[in-house]
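Coordinates from query04.csv are shown below (CSV, C-alpha atoms and all ligand atoms).
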chain,number,residue,atom,x,y,z
A,1,MET,CA,-0.1,19.2,9.2
A,2,LYS,CA,-3.5,18.1,7.9
A,3,VAL,CA,-4.3,14.4,8.5
A,4,VAL,CA,-7.0,12.8,6.5
A,5,TYR,CA,-8.9,10.0,8.3
A,6,SER,CA,-12.1,8.1,7.9
A,7,GLU,CA,-13.6,5.6,10.3
A,8,THR,CA,-14.9,3.6,7.3
A,9,HIS,CA,-11.8,1.5,7.6
A,10,LEU,CA,-13.3,-0.1,10.8
A,11,GLY,CA,-15.7,-2.1,8.6
A,12,HIS,CA,-12.7,-4.1,7.1
A,13,ARG,CA,-12.1,-6.8,9.6
A,14,PRO,CA,-10.6,-9.8,8.0
A,15,GLU,CA,-10.6,-12.8,10.3
A,16,LEU,CA,-7.6,-14.8,9.2
A,17,GLU,CA,-5.0,-15.4,6.5
A,18,VAL,CA,-3.2,-18.5,5.4
A,19,GLN,CA,0.6,-18.2,5.8
A,20,PHE,CA,3.4,-20.6,6.8
A,21,GLY,CA,1.1,-23.5,6.0
A,22,VAL,CA,-1.5,-22.5,8.6
A,23,PRO,CA,-4.5,-20.3,9.0
A,24,LYS,CA,-3.7,-17.5,11.5
A,25,PRO,CA,-5.1,-14.2,12.6
A,26,THR,CA,-4.1,-11.3,10.3
A,27,PRO,CA,-2.0,-8.5,11.7
A,28,GLU,CA,-3.7,-6.0,9.3
A,29,VAL,CA,-6.4,-5.1,11.9
A,30,PRO,CA,-8.5,-2.0,12.5
A,31,ALA,CA,-6.4,-1.2,15.7
A,32,ARG,CA,-3.5,-0.2,13.4
A,33,ALA,CA,-5.2,2.9,12.0
A,34,GLU,CA,-6.7,3.6,15.4
A,35,GLU,CA,-3.3,3.6,17.0
A,36,VAL,CA,-2.1,6.2,14.4
A,37,ARG,CA,-5.2,8.3,14.9
A,38,ARG,CA,-4.8,8.2,18.7
A,39,ALA,CA,-1.1,9.3,18.5
A,40,LEU,CA,-2.0,12.4,16.3
A,41,VAL,CA,-5.5,13.5,17.3
A,42,GLY,CA,-4.6,15.3,20.6
A,43,ASP,CA,-1.4,16.8,19.2
A,44,PRO,CA,-1.8,20.5,18.2
A,45,ARG,CA,0.6,20.0,15.3
A,46,PHE,CA,-2.0,17.9,13.5
A,47,THR,CA,-5.5,18.8,12.2
A,48,PHE,CA,-7.9,16.1,11.2
A,49,VAL,CA,-10.1,16.4,8.1
A,50,PRO,CA,-12.5,13.8,6.6
A,51,PRO,CA,-12.0,12.5,3.0
A,52,THR,CA,-14.1,13.7,0.1
A,53,GLU,CA,-15.6,11.3,-2.4
A,54,HIS,CA,-13.7,11.1,-5.7
A,55,GLY,CA,-15.6,8.3,-7.5
A,56,ARG,CA,-14.2,5.4,-9.5
A,57,ASP,CA,-12.5,7.3,-12.3
A,58,PRO,CA,-9.2,8.0,-10.5
A,59,ILE,CA,-9.1,4.3,-9.4
A,60,GLU,CA,-9.7,3.1,-13.0
A,61,ALA,CA,-6.9,5.4,-14.2
A,62,VAL,CA,-4.5,2.8,-12.8
A,63,HIS,CA,-6.5,-0.3,-12.1
A,64,ASP,CA,-8.4,-2.7,-14.4
A,65,PRO,CA,-12.1,-1.7,-14.2
A,66,GLY,CA,-12.8,-5.4,-13.9
A,67,LEU,CA,-10.9,-5.5,-10.5
A,68,VAL,CA,-13.0,-2.6,-9.2
A,69,ARG,CA,-16.2,-4.4,-10.3
A,70,TYR,CA,-15.1,-7.6,-8.8
A,71,LEU,CA,-14.3,-6.1,-5.4
A,72,GLU,CA,-17.5,-4.2,-5.4
A,73,GLY,CA,-19.6,-7.4,-5.6
A,74,ALA,CA,-17.1,-9.9,-4.1
A,75,TRP,CA,-18.6,-10.2,-0.6
A,76,SER,CA,-22.2,-10.5,-1.8
A,77,GLU,CA,-21.4,-13.1,-4.5
A,78,TRP,CA,-19.4,-15.0,-1.9
A,79,GLN,CA,-22.4,-15.0,0.5
A,80,ASP,CA,-24.7,-16.1,-2.4
A,81,TRP,CA,-22.3,-19.0,-3.2
A,82,ARG,CA,-22.3,-20.1,0.4
A,83,ARG,CA,-26.0,-20.1,0.6
A,84,ALA,CA,-26.5,-21.8,-2.7
A,85,GLU,CA,-24.0,-24.6,-1.9
A,86,ASN,CA,-25.0,-24.8,1.7
A,87,VAL,CA,-21.4,-24.1,2.8
A,88,THR,CA,-21.5,-23.5,6.5
A,89,THR,CA,-17.7,-23.6,7.2
A,90,ALA,CA,-16.4,-20.9,4.8
A,91,GLY,CA,-15.3,-17.6,6.3
A,92,ASP,CA,-14.0,-14.6,4.3
A,93,ALA,CA,-13.3,-14.9,0.6
A,94,ILE,CA,-9.9,-16.6,0.2
A,95,PRO,CA,-9.0,-18.6,-2.9
A,96,ASP,CA,-8.0,-22.2,-3.0
A,97,THR,CA,-6.5,-21.8,-6.5
A,98,VAL,CA,-4.9,-18.7,-8.1
A,99,LEU,CA,-4.2,-18.2,-11.8
A,100,HIS,CA,-0.5,-19.1,-11.9
A,101,PRO,CA,0.9,-18.1,-15.3
A,102,ALA,CA,2.2,-21.7,-15.9
A,103,LEU,CA,-1.4,-23.0,-15.9
A,104,ARG,CA,-2.0,-21.5,-19.3
A,105,GLU,CA,1.5,-21.0,-20.6
A,106,GLY,CA,1.4,-20.8,-24.4
A,107,MET,CA,-2.4,-20.6,-24.4
A,108,GLU,CA,-4.9,-17.8,-25.0
A,109,PRO,CA,-5.4,-15.4,-22.0
A,110,MET,CA,-8.1,-16.6,-19.6
A,111,ALA,CA,-11.4,-14.7,-19.7
A,112,GLU,CA,-12.9,-13.6,-16.4
A,113,PRO,CA,-14.5,-16.7,-14.9
A,114,THR,CA,-18.0,-16.8,-13.4
A,115,ALA,CA,-17.8,-19.2,-10.4
A,116,PRO,CA,-17.1,-17.3,-7.1
A,117,LEU,CA,-14.2,-19.6,-6.1
A,118,ALA,CA,-12.6,-19.2,-9.5
A,119,ARG,CA,-13.2,-15.4,-9.5
A,120,VAL,CA,-11.4,-14.8,-6.2
A,121,GLY,CA,-8.4,-16.8,-7.5
A,122,TYR,CA,-8.5,-14.9,-10.7
A,123,TRP,CA,-8.4,-11.4,-9.1
A,124,THR,CA,-5.8,-12.1,-6.3
A,125,PHE,CA,-2.4,-13.6,-6.2
A,126,GLU,CA,-2.2,-15.1,-2.7
A,127,THR,CA,-4.0,-16.2,0.4
A,128,MET,CA,-3.3,-13.4,2.9
A,129,SER,CA,-5.8,-10.8,1.7
A,130,PRO,CA,-9.4,-11.9,2.5
A,131,VAL,CA,-12.4,-10.1,1.3
A,132,SER,CA,-14.7,-9.5,4.2
A,133,ALA,CA,-18.0,-7.7,4.6
A,134,GLY,CA,-16.7,-4.1,4.7
A,135,THR,CA,-13.6,-4.6,2.5
A,136,TYR,CA,-14.8,-2.8,-0.6
A,137,GLU,CA,-16.1,0.2,1.3
A,138,ALA,CA,-12.9,0.5,3.3
A,139,ALA,CA,-10.7,0.1,0.2
A,140,ARG,CA,-12.7,2.8,-1.6
A,141,SER,CA,-12.4,5.1,1.4
A,142,ALA,CA,-8.7,4.6,1.7
A,143,VAL,CA,-8.4,5.8,-1.9
A,144,ASP,CA,-10.5,8.9,-1.1
A,145,VAL,CA,-8.2,9.5,2.0
A,146,ALA,CA,-5.2,9.4,-0.3
A,147,LEU,CA,-6.8,11.7,-3.0
A,148,THR,CA,-8.0,14.2,-0.4
A,149,ALA,CA,-4.4,14.4,0.9
A,150,ALA,CA,-3.3,15.0,-2.7
A,151,ASP,CA,-6.0,17.7,-3.0
A,152,LEU,CA,-4.7,19.4,0.1
A,153,VAL,CA,-1.2,19.6,-1.3
A,154,LEU,CA,-2.5,20.7,-4.7
A,155,SER,CA,-4.3,23.5,-2.9
A,156,GLY,CA,-1.1,24.8,-1.3
A,157,GLU,CA,-0.3,22.7,1.8
A,158,GLY,CA,3.3,21.8,2.1
A,159,ALA,CA,2.5,18.3,3.3
A,160,ALA,CA,-0.5,16.2,4.1
A,161,PHE,CA,-0.9,12.7,5.7
A,162,GLY,CA,-3.5,10.1,4.7
A,163,VAL,CA,-4.3,7.4,7.2
A,164,CYS,CA,-5.0,4.8,4.5
A,165,ARG,CA,-6.3,1.5,5.6
A,166,PRO,CA,-6.3,-1.0,4.0
A,167,PRO,CA,-2.8,-0.2,2.6
A,168,GLY,CA,-2.2,-0.3,-1.1
A,169,HIS,CA,1.3,-0.7,-2.5
A,170,HIS,CA,1.1,-4.5,-3.2
A,171,SER,CA,-1.9,-4.2,-5.6
A,172,PRO,CA,-0.8,-4.2,-9.2
A,173,ARG,CA,-3.1,-3.0,-12.0
A,174,SER,CA,-5.2,-6.1,-12.2
A,175,ALA,CA,-5.1,-7.9,-8.9
A,176,PHE,CA,-5.3,-7.5,-5.1
A,177,GLY,CA,-3.0,-9.0,-2.5
A,178,GLY,CA,-0.6,-8.3,0.3
A,179,TYR,CA,-3.4,-6.8,2.5
A,180,CYS,CA,-3.9,-4.3,-0.3
A,181,TYR,CA,-7.0,-3.9,-2.6
A,182,PHE,CA,-6.6,-0.6,-4.4
A,183,ASN,CA,-3.2,1.0,-4.7
A,184,ASN,CA,-3.7,4.2,-2.8
A,185,ALA,CA,-0.2,5.7,-3.6
A,186,ALA,CA,-0.4,4.8,-7.3
A,187,VAL,CA,-3.9,6.3,-7.6
A,188,ALA,CA,-2.7,9.5,-5.9
A,189,ALA,CA,0.5,9.7,-8.1
A,190,GLU,CA,-1.5,9.3,-11.3
A,191,TYR,CA,-4.0,11.9,-10.1
A,192,LEU,CA,-1.2,14.3,-9.3
A,193,VAL,CA,0.4,13.8,-12.7
A,194,ARG,CA,-2.9,14.6,-14.4
A,195,HIS,CA,-3.6,17.6,-12.2
A,196,THR,CA,-0.1,19.2,-12.4
A,197,GLY,CA,1.2,18.0,-15.8
A,198,GLU,CA,4.4,17.4,-13.9
A,199,PRO,CA,6.3,14.2,-13.3
A,200,VAL,CA,5.7,12.7,-9.8
A,201,ALA,CA,8.1,10.7,-7.6
A,202,ILE,CA,7.0,8.0,-5.2
A,203,LEU,CA,9.3,7.0,-2.3
A,204,ASP,CA,8.3,3.7,-0.7
A,205,VAL,CA,9.8,3.1,2.8
A,206,ASP,CA,7.6,0.2,3.8
A,207,PHE,CA,9.5,-2.9,4.9
A,208,HIS,CA,8.1,-4.8,1.8
A,209,HIS,CA,8.7,-4.0,-1.8
A,210,GLY,CA,5.7,-2.2,-3.3
A,211,ASN,CA,5.4,-4.6,-6.2
A,212,GLY,CA,2.0,-3.2,-7.2
A,213,THR,CA,3.3,0.4,-7.5
A,214,GLN,CA,6.3,-0.8,-9.4
A,215,GLN,CA,4.2,-2.8,-11.9
A,216,ILE,CA,1.8,0.0,-12.5
A,217,PHE,CA,4.5,2.5,-13.4
A,218,TYR,CA,7.2,0.2,-14.7
A,219,ARG,CA,7.0,1.5,-18.3
A,220,ARG,CA,6.3,5.1,-17.3
A,221,GLY,CA,9.0,7.7,-17.5
A,222,ASP,CA,6.8,10.4,-15.8
A,223,VAL,CA,6.5,8.6,-12.4
A,224,LEU,CA,9.6,7.6,-10.5
A,225,TYR,CA,9.3,4.7,-8.1
A,226,ALA,CA,12.1,4.4,-5.5
A,227,SER,CA,11.9,1.8,-2.7
A,228,LEU,CA,13.9,0.5,0.2
A,229,HIS,CA,12.7,-2.9,1.4
A,230,GLY,CA,13.7,-6.2,2.8
A,231,ASP,CA,15.6,-8.1,0.1
A,232,PRO,CA,13.0,-10.2,-1.9
A,233,ALA,CA,15.6,-13.0,-2.0
A,234,ARG,CA,14.3,-13.7,1.6
A,235,GLU,CA,11.2,-11.5,2.1
A,236,TYR,CA,7.7,-11.1,0.7
A,237,PRO,CA,6.7,-10.4,-2.1
A,238,TYR,CA,9.7,-12.7,-3.2
A,239,PHE,CA,9.2,-12.1,-6.9
A,240,THR,CA,9.8,-8.4,-7.3
A,241,GLY,CA,12.0,-5.8,-5.7
A,242,PHE,CA,15.5,-6.8,-7.0
A,243,ALA,CA,18.1,-4.1,-7.7
A,244,GLU,CA,18.2,-5.1,-11.4
A,245,GLU,CA,14.6,-4.0,-12.0
A,246,VAL,CA,15.1,-0.5,-13.3
A,247,GLY,CA,12.0,0.1,-15.5
A,248,ALA,CA,11.4,-0.7,-19.1
A,249,GLY,CA,10.7,1.2,-22.3
A,250,PRO,CA,10.0,4.9,-21.6
A,251,GLY,CA,10.2,4.0,-17.9
A,252,TRP,CA,13.8,2.8,-18.1
A,253,GLY,CA,15.8,4.4,-15.3
A,254,ALA,CA,12.6,5.5,-13.4
A,255,ASN,CA,12.5,2.5,-11.0
A,256,LEU,CA,15.0,2.1,-8.2
A,257,ASN,CA,15.1,-0.8,-5.8
A,258,VAL,CA,17.3,-0.8,-2.7
A,259,PRO,CA,17.1,-4.2,-1.0
A,260,LEU,CA,18.0,-4.1,2.7
A,261,PRO,CA,20.0,-6.7,4.5
A,262,ARG,CA,18.8,-8.6,7.5
A,263,GLY,CA,19.7,-6.8,10.7
A,264,CYS,CA,20.0,-3.4,9.0
A,265,THR,CA,20.6,-0.7,11.6
A,266,ASP,CA,19.4,3.0,11.6
A,267,GLN,CA,22.8,4.1,10.3
A,268,ASP,CA,22.8,1.4,7.5
A,269,TYR,CA,19.2,2.5,6.6
A,270,LEU,CA,20.0,6.2,6.4
A,271,ARG,CA,23.1,5.5,4.3
A,272,LEU,CA,21.0,3.5,1.8
A,273,LEU,CA,18.2,6.1,2.0
A,274,THR,CA,20.7,8.6,0.4
A,275,ARG,CA,20.6,6.6,-2.8
A,276,ALA,CA,16.8,6.8,-3.1
A,277,ALA,CA,16.9,10.5,-2.0
A,278,GLU,CA,19.4,11.3,-4.7
A,279,ALA,CA,17.1,9.6,-7.3
A,280,VAL,CA,14.2,11.7,-6.1
A,281,ALA,CA,16.3,14.9,-6.2
A,282,ALA,CA,17.4,14.2,-9.7
A,283,PHE,CA,13.8,13.6,-10.9
A,284,GLY,CA,11.5,16.4,-12.0
A,285,GLY,CA,8.3,17.6,-10.3
A,286,SER,CA,7.4,19.4,-7.1
A,287,ILE,CA,5.4,16.8,-5.3
A,288,LEU,CA,6.7,13.6,-3.7
A,289,VAL,CA,4.3,10.8,-2.7
A,290,VAL,CA,5.6,8.8,0.3
A,291,SER,CA,4.4,5.2,0.9
A,292,LEU,CA,5.0,5.3,4.7
A,293,GLY,CA,5.2,1.8,6.1
A,294,LEU,CA,6.4,1.5,9.7
A,295,ASP,CA,7.0,-2.2,9.5
A,296,THR,CA,10.7,-1.6,9.1
A,297,PHE,CA,10.8,-1.3,13.0
A,298,GLY,CA,12.9,-3.9,14.6
A,299,LEU,CA,10.1,-5.2,16.9
A,300,ASP,CA,7.6,-5.4,14.1
A,301,PRO,CA,6.5,-9.0,13.6
A,302,LEU,CA,7.1,-8.8,9.9
A,303,SER,CA,10.5,-7.1,10.0
A,304,ASP,CA,14.0,-8.7,10.3
A,305,LEU,CA,15.8,-5.3,10.5
A,306,ALA,CA,17.4,-3.8,13.6
A,307,VAL,CA,15.8,-0.4,13.1
A,308,THR,CA,14.9,1.7,16.3
A,309,SER,CA,12.3,4.4,16.8
A,310,ALA,CA,15.1,7.0,16.5
A,311,LEU,CA,15.2,6.3,12.7
A,312,TYR,CA,11.7,7.7,12.0
A,313,GLY,CA,12.2,11.4,12.9
A,314,GLU,CA,15.6,11.4,11.2
A,315,MET,CA,14.1,9.8,8.0
A,316,GLY,CA,11.3,12.3,8.0
A,317,GLY,CA,13.8,15.1,8.2
A,318,ARG,CA,15.9,13.7,5.3
A,319,VAL,CA,12.8,13.4,3.2
A,320,ALA,CA,11.7,17.0,4.0
A,321,SER,CA,15.2,18.2,3.0
A,322,LEU,CA,14.3,17.2,-0.6
A,323,ARG,CA,12.1,20.3,-0.5
A,324,ARG,CA,9.2,18.7,-2.3
A,325,ARG,CA,5.6,19.0,-1.2
A,326,LEU,CA,4.7,15.8,0.5
A,327,VAL,CA,1.7,13.5,0.1
A,328,VAL,CA,2.4,10.9,2.9
A,329,LEU,CA,0.2,7.8,2.9
A,330,LEU,CA,0.1,5.0,5.5
A,331,GLU,CA,1.1,1.6,4.2
A,332,GLY,CA,2.2,-1.2,6.6
A,333,GLY,CA,3.2,-1.3,10.3
A,334,TYR,CA,2.1,-4.1,12.6
A,335,HIS,CA,3.7,-3.5,16.0
A,336,LEU,CA,0.8,-1.8,17.6
A,337,PRO,CA,2.6,-0.4,20.7
A,338,SER,CA,5.0,1.6,18.6
A,339,LEU,CA,3.0,2.3,15.5
A,340,GLY,CA,1.4,5.6,16.5
A,341,ALA,CA,4.6,7.1,18.1
A,342,ASN,CA,6.8,6.1,15.1
A,343,THR,CA,4.3,7.6,12.6
A,344,ARG,CA,4.2,10.8,14.6
A,345,SER,CA,8.0,11.0,14.8
A,346,TRP,CA,8.3,10.6,11.1
A,347,LEU,CA,5.7,13.3,10.4
A,348,VAL,CA,7.2,15.7,13.0
A,349,GLY,CA,10.7,15.0,11.4
A,350,ALA,CA,9.2,15.9,8.1
A,351,GLY,CA,8.1,19.3,9.4
A,352,ALA,CA,4.6,18.8,11.0
A,353,GLY,CA,4.0,21.9,13.1
A,354,ALA,CA,7.1,23.7,11.8
A,355,GLY,CA,5.8,25.7,8.9
A,356,ARG,CA,5.7,22.9,6.3
A,357,ASP,CA,1.9,22.5,6.8
A,401,ZN,ZN,4.9,-3.9,4.6
Translate the structure of the given file into structure tokens.
Ligand SMILES: [Zn+2]
Amino acid sequence: MKVVYSETHLGHRPELEVQFGVPKPTPEVPARAEEVRRALVGDPRFTFVPPTEHGRDPIEAVHDPGLVRYLEGAWSEWQDWRRAENVTTAGDAIPDTVLHPALREGMEPMAEPTAPLARVGYWTFETMSPVSAGTYEAARSAVDVALTAADLVLSGEGAAFGVCRPPGHHSPRSAFGGYCYFNNAAVAAEYLVRHTGEPVAILDVDFHHGNGTQQIFYRRGDVLYASLHGDPAREYPYFTGFAEEVGAGPGWGANLNVPLPRGCTDQDYLRLLTRAAEAVAAFGGSILVVSLGLDTFGLDPLSDLAVTSALYGEMGGRVASLRRRLVVLLEGGYHLPSLGANTRSWLVGAGAGAGRD
């Protein structure tokens, strides 16, 4: 199986996030993608290739061009603001205020503000996704990684894996957040729709609901979004991911959320996976995009499931049995000692080295 990887992600090194009422080191660190790379690079079942540049157009096919422009200049305008205001204590760009809808309820929409502190709160929805010096370049590279994996499958590979970092599935059309800046899976799915003329299914197995991917395609009938995730009644992102959210307008019925209970075991997970797999099987198209988050693992600091490493190979096998070509993209996963091995198990289960390459 071809693995698309770029070391550009190493430049994205956010220092801290604000969560649980305190600043703390972020778990979304460069070592994540490096653990995955190390687990695959010496294995003859995997061949590494670099990403190719795809430009901004595929990103702007699913994201507000204003978000792309903002992220491109965010770090330099943050630095300019620090110098102009002589702020010596500020670190990465994190908002103190975000544009909560109640602020302007019943009023005209807010135009893009000009002050740097306002702008970061205009374009993000939370305090856990800092913009640091290399964030934009890494986010652009992660999209190119995803699109290069898509190209490989379009050119005949049975499956390809993109080591995307930063991850993407929390970013909706017009905001970043949840450690995500551009929605790699959504950009890839839209690119595949445009290149094949077929509908495309996305299966999201990250521990968290991919609120961004759901939002982008919520009214689209040609892209299925199916997700298993910690129940948003208790887990981030709290406000989306409920079973009642089934899509709207032409997208009605093309959105499936399967919330997972606390303490969910491998067997529970596989039983619930069947529902998502049936939805994918019933949907058209020949390509499946997988948002592969490994933070379901029981020892992951963000997980409250009881999932073991044995799940991942089995899950990969169940997904392969859908007989779609696979564009598999890395999302979350924060338990560094297991991340590489669990990723490899999933990919081997999905057929890496066994003729599905
Ligand atoms: Zn996650």
*Got a sec: who's within 12 Å of Val205 of chain A, counting all atoms listed in the file, leaving out chain neighbours fewer than 5 positions off, as a count of residues only?*
39
_Nearest to Trp123 of chain A by atom-to-atom distance, counting only C-alpha atoms, from A:His12, A:Arg38, A:Arg165, A:Arg69_ =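 Of the candidates, the smallest distance to Trp123 of chain A is held by A:Arg69.
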_Among listed residues A:Ile216, A:Val4, A:Ala133, A:Cys264, nearest Gly247 of chain A (using all atoms listed in the file)_ =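 Smallest separation from Gly247 of chain A among the options: A:Ile216.
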*Nearest-residue call for Pro113 of chain A, choices A:Trp75, A:Phe125, A:Phe161, A:Tyr70, using only C-alpha atoms*: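 Looking at the shortest contact to Pro113 of chain A, the residue is A:Tyr70.
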*asked:* Within 12 Å of (7.2, -6.9, 11.6) (file coordinates; only C-alpha atoms), which protein or nucleic acid residues are there? I'd like them as a VMD selection string.
replied: chain A and resid 27 to 28 206 to 208 230 235 to 236 293 to 307 332 to 336 338 to 339
Kindly save the residues from that selection, with C-alpha atoms included, as a JSON list (two decimals), in the frame of the given file.
[["chain", "number", "residue", "atom", "x", "y", "z"],
["A", 27, "PRO", "CA", -2.00, -8.50, 11.70],
["A", 28, "GLU", "CA", -3.70, -6.00, 9.30],
["A", 206, "ASP", "CA", 7.60, 0.20, 3.80],
["A", 207, "PHE", "CA", 9.50, -2.90, 4.90],
["A", 208, "HIS", "CA", 8.10, -4.80, 1.80],
["A", 230, "GLY", "CA", 13.70, -6.20, 2.80],
["A", 235, "GLU", "CA", 11.20, -11.50, 2.10],
["A", 236, "TYR", "CA", 7.70, -11.10, 0.70],
["A", 293, "GLY", "CA", 5.20, 1.80, 6.10],
["A", 294, "LEU", "CA", 6.40, 1.50, 9.70],
["A", 295, "ASP", "CA", 7.00, -2.20, 9.50],
["A", 296, "THR", "CA", 10.70, -1.60, 9.10],
["A", 297, "PHE", "CA", 10.80, -1.30, 13.00],
["A", 298, "GLY", "CA", 12.90, -3.90, 14.60],
["A", 299, "LEU", "CA", 10.10, -5.20, 16.90],
["A", 300, "ASP", "CA", 7.60, -5.40, 14.10],
["A", 301, "PRO", "CA", 6.50, -9.00, 13.60],
["A", 302, "LEU", "CA", 7.10, -8.80, 9.90],
["A", 303, "SER", "CA", 10.50, -7.10, 10.00],
["A", 304, "ASP", "CA", 14.00, -8.70, 10.30],
["A", 305, "LEU", "CA", 15.80, -5.30, 10.50],
["A", 306, "ALA", "CA", 17.40, -3.80, 13.60],
["A", 307, "VAL", "CA", 15.80, -0.40, 13.10],
["A", 332, "GLY", "CA", 2.20, -1.20, 6.60],
["A", 333, "GLY", "CA", 3.20, -1.30, 10.30],
["A", 334, "TYR", "CA", 2.10, -4.10, 12.60],
["A", 335, "HIS", "CA", 3.70, -3.50, 16.00],
["A", 336, "LEU", "CA", 0.80, -1.80, 17.60],
["A", 338, "SER", "CA", 5.00, 1.60, 18.60],
["A", 339, "LEU", "CA", 3.00, 2.30, 15.50]]
Which residues come within 12 Å of Trp252 of chain A, counting only C-alpha atoms, excluding same-chain residues fewer than 6 positions away, as a PDB file with C-alpha atoms, in the frame of the given file?
ATOM      1  CA  PHE A 217       4.500   2.500 -13.400  1.00  0.00           C
ATOM      2  CA  TYR A 218       7.200   0.200 -14.700  1.00  0.00           C
ATOM      3  CA  ARG A 219       7.000   1.500 -18.300  1.00  0.00           C
ATOM      4  CA  ARG A 220       6.300   5.100 -17.300  1.00  0.00           C
ATOM      5  CA  GLY A 221       9.000   7.700 -17.500  1.00  0.00           C
ATOM      6  CA  ASP A 222       6.800  10.400 -15.800  1.00  0.00           C
ATOM      7  CA  VAL A 223       6.500   8.600 -12.400  1.00  0.00           C
ATOM      8  CA  LEU A 224       9.600   7.600 -10.500  1.00  0.00           C
ATOM      9  CA  TYR A 225       9.300   4.700  -8.100  1.00  0.00           C
ATOM     10  CA  GLU A 244      18.200  -5.100 -11.400  1.00  0.00           C
ATOM     11  CA  GLU A 245      14.600  -4.000 -12.000  1.00  0.00           C
ATOM     12  CA  VAL A 246      15.100  -0.500 -13.300  1.00  0.00           C
TER      13      VAL A 246
END
*Name the closest residue to ligand ZN 401 (chain A) among the candidates A:Cys180, A:Ala33, A:Leu288, A:Val143; distances are taken between atoms, counting all atoms listed in the file.*
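Among the listed residues, A:Cys180 lies closest to ligand ZN 401 (chain A).
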_Point-to-point distance in Å for atom CA of His9 of chain A and atom CA of Asp92 of chain A_ =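 A separation of 16.6 Å between them.
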*Which is closest to ligand ZN 401 (chain A) among A:Pro130, A:Gly158, A:Pro30, A:Pro237, if we use all atoms listed in the file?*
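Using all atoms listed in the file, the shortest distance to ligand ZN 401 (chain A) belongs to A:Pro237.
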_Length of the atom CA of Thr47 of chain A to atom CA of Pro166 of chain A vector [Å]_ =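 So the two atoms, atom CA of Thr47 of chain A and atom CA of Pro166 of chain A, lie 21.4 Å apart.
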*asked:* If I take atom CA of Gly249 of chain A and atom CA of Thr274 of chain A, how far is one from the other in Å, to one decimal?
replied: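 Between atom CA of Gly249 of chain A and atom CA of Thr274 of chain A the gap works out to 25.9 Å.
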*Choose the residue, out of A:Gly177, A:Pro58, A:Pro199, A:Gly253, that has the smallest atom-to-atom separation from ligand ZN 401 (chain A); count all atoms listed in the file.*
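Looking only at the distances to ligand ZN 401 (chain A), the closest residue turns out to be A:Gly177.
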*Tell me which protein, DNA and RNA residues are within 10 Å of His170 of chain A, counting all atoms listed in the file, leaving out same-chain ones fewer than 4 positions away, and put them as a list of chain:residue names.*
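Residues near the query, excluding close chain neighbours: A:Ala175, A:Phe176, A:Gly177, A:Gly178, A:Tyr179, A:Cys180, A:Tyr181, A:Phe182, A:Asn183, A:Asn184, A:His208, A:His209, A:Gly210, A:Asn211, A:Gly212, A:Thr213, A:Gln214, A:Gln215, A:Pro237, A:Glu331.
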For the residues in the current selection, export C-alpha atoms as a compact mmCIF listing (two decimals), keeping the file's coordinate frame.
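What ended up in result30.txt:
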# COMPACT_ATOMS: atom_id res chain seq x y z
CA ALA A 175 -5.10 -7.90 -8.90
CA PHE A 176 -5.30 -7.50 -5.10
CA GLY A 177 -3.00 -9.00 -2.50
CA GLY A 178 -0.60 -8.30 0.30
CA TYR A 179 -3.40 -6.80 2.50
CA CYS A 180 -3.90 -4.30 -0.30
CA TYR A 181 -7.00 -3.90 -2.60
CA PHE A 182 -6.60 -0.60 -4.40
CA ASN A 183 -3.20 1.00 -4.70
CA ASN A 184 -3.70 4.20 -2.80
CA HIS A 208 8.10 -4.80 1.80
CA HIS A 209 8.70 -4.00 -1.80
CA GLY A 210 5.70 -2.20 -3.30
CA ASN A 211 5.40 -4.60 -6.20
CA GLY A 212 2.00 -3.20 -7.20
CA THR A 213 3.30 0.40 -7.50
CA GLN A 214 6.30 -0.80 -9.40
CA GLN A 215 4.20 -2.80 -11.90
CA PRO A 237 6.70 -10.40 -2.10
CA GLU A 331 1.10 1.60 4.20
*asked:* Here's a test: counting only C-alpha atoms, identify every protein, DNA and RNA residue with an atom at most 12 Å from (-10.5, -3.4, -11.6) in the file's coordinate frame, and state them as a VMD selection string.
replied: chain A and resid 56 to 74 112 122 to 124 136 140 171 to 176 181 to 183
*Tell me which protein, DNA and RNA residues are within 8 Å of segment 35-37 of chain A, counting all atoms listed in the file, leaving out same-chain ones fewer than 3 positions away, and put them as a count of residues only.*
12
